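Q: Mind looking over this structure? Questions follow.
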Amino acid sequence: MEIADLKQRIAQGENAMTEFKENFDQEAIETAVAFANTNGGVILIGVSDTGEIRGITIGKETLRNWSNRIAQATEPRVALEIESVDLKEKSVLLIRISESSLKPVSVRGVCYKRVGNSNRVMSPQEIAQMHLNATGQSWDQLLVTRAGIDDIDEKKVEWYLIRRETTRNVAKPQDMSQTALLRNIDGLSDEDIPTHAGILFFSKYPQRFFQNAQLRVVRFKGISVTHPVIDRLDCSGALWEMVDAAEEFIRKNIRLLSLRTSRSFQRDDKFEYPLAALREAIINALIHRNYQKHSDVRVFIFDNRVEVINPGTFPEGVSPDTPVHEPVNPILSRFMYDIGFIERYGSGIRMMKRLSGEWGNKEPRYEFHPLQTTIIFESPIQESTFIEIDDISAQLNERQKNAFSYVQRHGQIATKEYVEINHVSRQTAYAELTDLTKKDLLTVVGKGRGTKYVRKVID
């Protein structure tokens, strides 16, 4: 390294690709491993943490001995270059570490990665993912060795083929068995062992093999997970089956707003969130999640927002602001595309933003954690624009509370529905619904048998 370049590196201080050490020690070897597992880097021996050149004593065999110590302590062996440089009449040892082509690299069985200007121990999930990336594989390509062809549901394969033909105009193969087809689309290996993707999309019961491949949807009464649960659904089955089940649950558990239009005196009804955007968020969570983590995908519906929680993080170089197509599970992504559940690769984030804007909602926002990613859709309804049943519970009997909760979920209720959920006469239902309108909690829409009672929303 040129002296000028070395001085500039020291002036910039420690960072993701530079480490200062006053002496060669075990931490220097750990840094070599971290660099090898990340983007490579340089270790400068004889420089303090603050960038002061302290120098070291270098003997005839120093370079060879230290190079051998690093090579012998690492598995697989780290590729390095080592040289001595004189700065301010002091000797500094420069160890250049290349990013390893075989990852992960470990020292004494521990793998490190470079995060900022420090080394961090890698989790088992990170180690497994790094190994897959290094070998050019993805998780959904791996084989489920304890599964066989009998675990594939022929009806689900047939549904996929019909749906693909209808959605993508790909004709069903006429002279090909389902087994041969599944091999061609990476659902089965040549030995007829299902892949992870094949199990998740076509298995009779995928959760038998992947307990964490579930989707849990919960409606809370309030704005926190500590508040009571109004409704919940634990979805299982193939990925596409869970998406449809979750959407139906969400329809029943978000508010239907009645809004005055500029075109006429009539009012338009619409949900408080764009369902297509929520559906896209759920699909993205299911196909781009890290299935090596034990947690499952969760959808939490609160009074003021919906959260979709994905066990995993964006791939390196990808963010909501730079939504580059870099699928974590490319086979699952292709299957979802084939059946029309996603439209274009890499377009989901932009589509959710666009749909929210067209709906009159804020763009979804993201919260990041090392173990998960949460996308948050905020409700356009402010806390002050609707009445919580807690505030009036003392004024209502249990039947009226049931009815008000029903309206919270469905947007409206009729006398017949009041009778069915409370097992009372029509006369009692009419009287108690009329009482709710007098308390200004519901308003009457329509006349006669078409009369509906809807929750009042302040414009």
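Chains: A, B, ... in order of the structure tokens. Residues: from 1 per chain. Ligands: from 1, in order shown.
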So that I can check the secondary structure, give me every residue of region 299-426 of chain A assigned alpha helix (DSSP H) by backbone DSSP, as JSON, numbers by chain.
A: {"A": [330, 331, 332, 333, 334, 335, 336, 337, 338, 348, 349, 350, 351, 352, 353, 354, 355, 356, 357, 358, 359, 398, 399, 400, 401, 402, 403, 404, 405, 406, 407, 408, 409, 410, 415, 416, 417, 418, 419, 420, 421, 422, 426]}
Q: With only C-alpha atoms counted and 9 Å as the cut-off, give the residues of region 56-79 of chain A in contact with region 18-36 of chain A, each with its shortest interatomic distance in Å and the pair that gives it, as a Markdown table.
A:
```
| residue | atom | partner | partner_atom | distance |
| --- | --- | --- | --- | --- |
| A:Ile56 | CA | A:Asn23 | CA | 7.4 |
| A:Trp66 | CA | A:Phe24 | CA | 7.9 |
| A:Arg69 | CA | A:Ile29 | CA | 8.2 |
| A:Ile70 | CA | A:Ile29 | CA | 5.8 |
| A:Ala73 | CA | A:Ile29 | CA | 7.8 |
| A:Thr74 | CA | A:Val33 | CA | 7.2 |
| A:Val78 | CA | A:Ala36 | CA | 6.7 |
| A:Ala79 | CA | A:Ala36 | CA | 8.0 |
```
Q: For CA of Glu363 (chain A) and CA of Phe377 (chain A), quote the distance in Å rounded to one decimal.
A: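 Taking CA of Glu363 (chain A) as the start and CA of Phe377 (chain A) as the end point, the length is 7.3 Å.
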Q: For each of A:Glu417, A:Phe335, A:Arg449, A:Gln125, take the minimum atom-to-atom distance to Leu182 (chain A), counting only C-alpha atoms, then give the residue where this is smallest.
A: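 Looking at the shortest contact to Leu182 (chain A), the residue is A:Phe335.
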Q: So which one's closest to Ile162 (chain A), A:Val328, A:Ile339, A:Ala277, A:Leu233? Using only C-alpha atoms, please.
A: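 Nearest candidate to Ile162 (chain A) out of A:Val328, A:Ile339, A:Ala277, A:Leu233: A:Ile339.
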Q: Between A:Asn68, A:Asn329, A:Ile127, A:Leu80, which one has atoms that come closest to Leu142 (chain A), using only C-alpha atoms?
A: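 Using only C-alpha atoms, Leu142 (chain A) sits closest to A:Asn329.
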Q: Which of region 235-375 of chain A end up as strand (DSSP E) when DSSP is run on this backbone - answer as JSON, numbers by chain?
A: {"A": [235, 256, 257, 258, 259, 260, 267, 268, 269, 270, 271, 297, 298, 299, 300, 301, 305, 306, 307, 308, 309, 310, 365, 366, 367, 368, 369, 372, 373, 374, 375]}
Q: Put those residues in a file: N, CA, C and O atoms, as a tab-separated table (two decimals), in the first residue's frame.
A:
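Output below, filename part-v5.tsv:
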```
chain	number	residue	atom	x	y	z
A	235	CYS	N	-53.79	-19.17	10.60
A	235	CYS	CA	-53.89	-19.72	9.25
A	235	CYS	C	-52.84	-20.81	9.04
A	235	CYS	O	-51.68	-20.65	9.44
A	256	LEU	N	-65.70	-0.31	7.77
A	256	LEU	CA	-66.23	0.10	6.48
A	256	LEU	C	-66.72	1.53	6.64
A	256	LEU	O	-67.63	1.81	7.41
A	257	LEU	N	-66.10	2.44	5.93
A	257	LEU	CA	-66.42	3.86	6.06
A	257	LEU	C	-67.45	4.27	5.02
A	257	LEU	O	-67.41	3.84	3.87
A	258	SER	N	-68.36	5.12	5.43
A	258	SER	CA	-69.35	5.68	4.53
A	258	SER	C	-69.00	7.14	4.31
A	258	SER	O	-69.06	7.95	5.25
A	259	LEU	N	-68.58	7.48	3.09
A	259	LEU	CA	-68.05	8.81	2.80
A	259	LEU	C	-68.92	9.53	1.79
A	259	LEU	O	-69.38	8.96	0.79
A	260	ARG	N	-69.14	10.80	2.02
A	260	ARG	CA	-69.91	11.63	1.10
A	260	ARG	C	-69.07	11.92	-0.13
A	260	ARG	O	-67.90	12.28	-0.04
A	267	ARG	N	-73.52	8.37	-0.81
A	267	ARG	CA	-72.28	8.14	-0.08
A	267	ARG	C	-71.64	6.86	-0.60
A	267	ARG	O	-72.32	5.90	-0.95
A	268	ASP	N	-70.33	6.86	-0.66
A	268	ASP	CA	-69.58	5.67	-1.08
A	268	ASP	C	-69.05	4.95	0.15
A	268	ASP	O	-68.58	5.59	1.09
A	269	ASP	N	-69.14	3.64	0.12
A	269	ASP	CA	-68.59	2.83	1.20
A	269	ASP	C	-67.23	2.29	0.79
A	269	ASP	O	-67.07	1.79	-0.33
A	270	LYS	N	-66.25	2.37	1.67
A	270	LYS	CA	-64.95	1.76	1.41
A	270	LYS	C	-64.29	1.40	2.73
A	270	LYS	O	-64.56	2.01	3.77
A	271	PHE	N	-63.41	0.40	2.68
A	271	PHE	CA	-62.70	0.01	3.89
A	271	PHE	C	-61.68	1.08	4.26
A	271	PHE	O	-61.23	1.86	3.42
A	297	VAL	N	-45.17	-15.42	10.56
A	297	VAL	CA	-45.66	-14.12	10.09
A	297	VAL	C	-46.90	-13.75	10.89
A	297	VAL	O	-47.77	-14.59	11.12
A	298	ARG	N	-46.96	-12.49	11.31
A	298	ARG	CA	-48.10	-12.03	12.11
A	298	ARG	C	-48.71	-10.78	11.50
A	298	ARG	O	-47.99	-9.94	10.96
A	299	VAL	N	-50.03	-10.69	11.60
A	299	VAL	CA	-50.76	-9.49	11.20
A	299	VAL	C	-51.56	-9.03	12.41
A	299	VAL	O	-52.42	-9.77	12.90
A	300	PHE	N	-51.26	-7.84	12.92
A	300	PHE	CA	-51.95	-7.29	14.07
A	300	PHE	C	-52.83	-6.13	13.62
A	300	PHE	O	-52.34	-5.17	13.01
A	301	ILE	N	-54.12	-6.23	13.91
A	301	ILE	CA	-55.07	-5.18	13.56
A	301	ILE	C	-55.42	-4.42	14.83
A	301	ILE	O	-56.00	-4.99	15.77
A	305	ARG	N	-54.22	1.22	13.35
A	305	ARG	CA	-53.21	0.79	12.38
A	305	ARG	C	-53.30	-0.73	12.18
A	305	ARG	O	-53.92	-1.44	12.98
A	306	VAL	N	-52.63	-1.18	11.12
A	306	VAL	CA	-52.43	-2.60	10.87
A	306	VAL	C	-50.93	-2.83	10.73
A	306	VAL	O	-50.25	-2.09	10.00
A	307	GLU	N	-50.41	-3.84	11.41
A	307	GLU	CA	-48.99	-4.17	11.33
A	307	GLU	C	-48.83	-5.56	10.71
A	307	GLU	O	-49.50	-6.50	11.13
A	308	VAL	N	-47.93	-5.67	9.73
A	308	VAL	CA	-47.57	-6.96	9.16
A	308	VAL	C	-46.11	-7.21	9.52
A	308	VAL	O	-45.23	-6.45	9.13
A	309	ILE	N	-45.88	-8.27	10.27
A	309	ILE	CA	-44.56	-8.53	10.86
A	309	ILE	C	-43.92	-9.72	10.17
A	309	ILE	O	-44.46	-10.83	10.16
A	310	ASN	N	-42.75	-9.48	9.61
A	310	ASN	CA	-42.03	-10.47	8.82
A	310	ASN	C	-40.76	-10.90	9.57
A	310	ASN	O	-39.93	-10.05	9.88
A	365	ARG	N	-45.24	2.74	6.53
A	365	ARG	CA	-43.90	2.98	7.05
A	365	ARG	C	-43.34	1.67	7.63
A	365	ARG	O	-44.08	0.73	7.90
A	366	TYR	N	-42.02	1.66	7.80
A	366	TYR	CA	-41.34	0.44	8.21
A	366	TYR	C	-40.62	0.65	9.54
A	366	TYR	O	-40.10	1.73	9.82
A	367	GLU	N	-40.61	-0.39	10.34
A	367	GLU	CA	-39.80	-0.44	11.55
A	367	GLU	C	-38.88	-1.65	11.45
A	367	GLU	O	-39.33	-2.75	11.11
A	368	PHE	N	-37.60	-1.43	11.72
A	368	PHE	CA	-36.60	-2.49	11.53
A	368	PHE	C	-36.03	-2.93	12.87
A	368	PHE	O	-35.79	-2.13	13.76
A	369	HIS	N	-35.85	-4.22	12.97
A	369	HIS	CA	-35.25	-4.87	14.14
A	369	HIS	C	-34.34	-5.95	13.59
A	369	HIS	O	-34.60	-6.51	12.52
A	372	GLN	N	-36.59	-8.93	12.79
A	372	GLN	CA	-37.83	-8.85	12.03
A	372	GLN	C	-38.01	-7.48	11.40
A	372	GLN	O	-37.34	-6.52	11.76
A	373	THR	N	-38.93	-7.43	10.43
A	373	THR	CA	-39.29	-6.18	9.77
A	373	THR	C	-40.79	-6.01	9.88
A	373	THR	O	-41.55	-6.96	9.62
A	374	THR	N	-41.23	-4.82	10.26
A	374	THR	CA	-42.65	-4.54	10.42
A	374	THR	C	-43.06	-3.44	9.45
A	374	THR	O	-42.42	-2.39	9.39
A	375	ILE	N	-44.13	-3.69	8.69
A	375	ILE	CA	-44.70	-2.65	7.84
A	375	ILE	C	-46.02	-2.21	8.48
A	375	ILE	O	-46.82	-3.04	8.91
```
Q: Skipping near chain neighbours, those fewer than 4 positions away, what residues fall within 12 Å of Glu191 (chain A) using only C-alpha atoms, listed as a PyMOL selection string?
A: chain A and resi 143-145+147-149+179-180+182-183+186-187+195
Q: Write a file of the just-selected residues containing all heavy atoms, as a short mmCIF file (atom, residue, chain, number, x, y, z; two decimals), in the first residue's frame.
A:
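The result, written out as again_2.cif:
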```cif
data_model
loop_
_atom_site.label_atom_id
_atom_site.label_comp_id
_atom_site.auth_asym_id
_atom_site.auth_seq_id
_atom_site.Cartn_x
_atom_site.Cartn_y
_atom_site.Cartn_z
N LEU A 143 -33.87 -29.49 -0.03
CA LEU A 143 -34.77 -30.63 -0.04
C LEU A 143 -35.27 -30.95 1.36
O LEU A 143 -34.55 -30.83 2.35
CB LEU A 143 -34.05 -31.86 -0.62
CG LEU A 143 -33.49 -31.71 -2.03
CD1 LEU A 143 -32.86 -33.03 -2.47
CD2 LEU A 143 -34.56 -31.28 -3.01
N VAL A 144 -36.52 -31.37 1.43
CA VAL A 144 -37.11 -31.86 2.68
C VAL A 144 -36.93 -33.36 2.67
O VAL A 144 -37.78 -34.11 2.17
CB VAL A 144 -38.60 -31.47 2.78
CG1 VAL A 144 -39.16 -31.88 4.15
CG2 VAL A 144 -38.79 -29.98 2.57
N THR A 145 -35.83 -33.81 3.22
CA THR A 145 -35.43 -35.22 3.08
C THR A 145 -36.39 -36.19 3.75
O THR A 145 -36.44 -37.37 3.39
CB THR A 145 -34.02 -35.44 3.63
OG1 THR A 145 -33.96 -34.96 4.98
CG2 THR A 145 -33.00 -34.67 2.80
N ALA A 147 -39.60 -35.94 3.59
CA ALA A 147 -40.85 -35.91 2.84
C ALA A 147 -40.68 -36.69 1.55
O ALA A 147 -39.56 -36.96 1.08
CB ALA A 147 -41.26 -34.48 2.54
N GLY A 148 -41.80 -37.07 0.96
CA GLY A 148 -41.78 -37.81 -0.30
C GLY A 148 -42.88 -37.34 -1.22
O GLY A 148 -43.65 -36.43 -0.90
N ILE A 149 -42.99 -37.99 -2.36
CA ILE A 149 -43.99 -37.61 -3.35
C ILE A 149 -45.40 -37.74 -2.80
O ILE A 149 -46.33 -37.01 -3.21
CB ILE A 149 -43.82 -38.48 -4.63
CG1 ILE A 149 -44.69 -37.95 -5.77
CG2 ILE A 149 -44.12 -39.94 -4.34
CD1 ILE A 149 -44.25 -36.63 -6.31
N THR A 179 -45.53 -35.38 -11.63
CA THR A 179 -44.19 -35.56 -11.07
C THR A 179 -43.14 -34.89 -11.94
O THR A 179 -42.27 -34.16 -11.44
CB THR A 179 -43.87 -37.06 -10.92
OG1 THR A 179 -44.83 -37.66 -10.04
CG2 THR A 179 -42.48 -37.25 -10.34
N ALA A 180 -43.22 -35.12 -13.24
CA ALA A 180 -42.25 -34.50 -14.16
C ALA A 180 -42.39 -32.98 -14.15
O ALA A 180 -41.39 -32.25 -14.19
CB ALA A 180 -42.46 -35.04 -15.57
N LEU A 182 -43.43 -31.09 -11.62
CA LEU A 182 -42.89 -30.57 -10.38
C LEU A 182 -41.36 -30.55 -10.40
O LEU A 182 -40.74 -29.67 -9.82
CB LEU A 182 -43.39 -31.40 -9.19
CG LEU A 182 -44.87 -31.19 -8.85
CD1 LEU A 182 -45.33 -32.24 -7.84
CD2 LEU A 182 -45.11 -29.79 -8.29
N ARG A 183 -40.76 -31.52 -11.07
CA ARG A 183 -39.31 -31.49 -11.22
C ARG A 183 -38.88 -30.27 -12.04
O ARG A 183 -37.91 -29.59 -11.71
CB ARG A 183 -38.81 -32.76 -11.92
CG ARG A 183 -38.94 -34.03 -11.12
CD ARG A 183 -38.41 -35.20 -11.92
NE ARG A 183 -38.77 -36.49 -11.34
CZ ARG A 183 -39.10 -37.56 -12.06
NH1 ARG A 183 -39.11 -37.49 -13.38
NH2 ARG A 183 -39.39 -38.70 -11.46
N ASP A 186 -39.01 -26.95 -10.04
CA ASP A 186 -38.26 -26.96 -8.78
C ASP A 186 -39.12 -27.26 -7.56
O ASP A 186 -38.81 -26.83 -6.45
CB ASP A 186 -37.53 -25.62 -8.57
CG ASP A 186 -36.53 -25.33 -9.67
OD1 ASP A 186 -35.79 -26.26 -10.04
OD2 ASP A 186 -36.50 -24.19 -10.17
N GLY A 187 -40.20 -27.99 -7.77
CA GLY A 187 -40.99 -28.46 -6.64
C GLY A 187 -40.52 -29.80 -6.12
O GLY A 187 -40.76 -30.15 -4.97
N THR A 195 -38.84 -30.12 -2.59
CA THR A 195 -38.07 -28.98 -2.11
C THR A 195 -38.86 -28.24 -1.04
O THR A 195 -40.06 -28.49 -0.85
CB THR A 195 -37.76 -28.01 -3.26
OG1 THR A 195 -39.01 -27.49 -3.77
CG2 THR A 195 -37.00 -28.69 -4.37
#
```
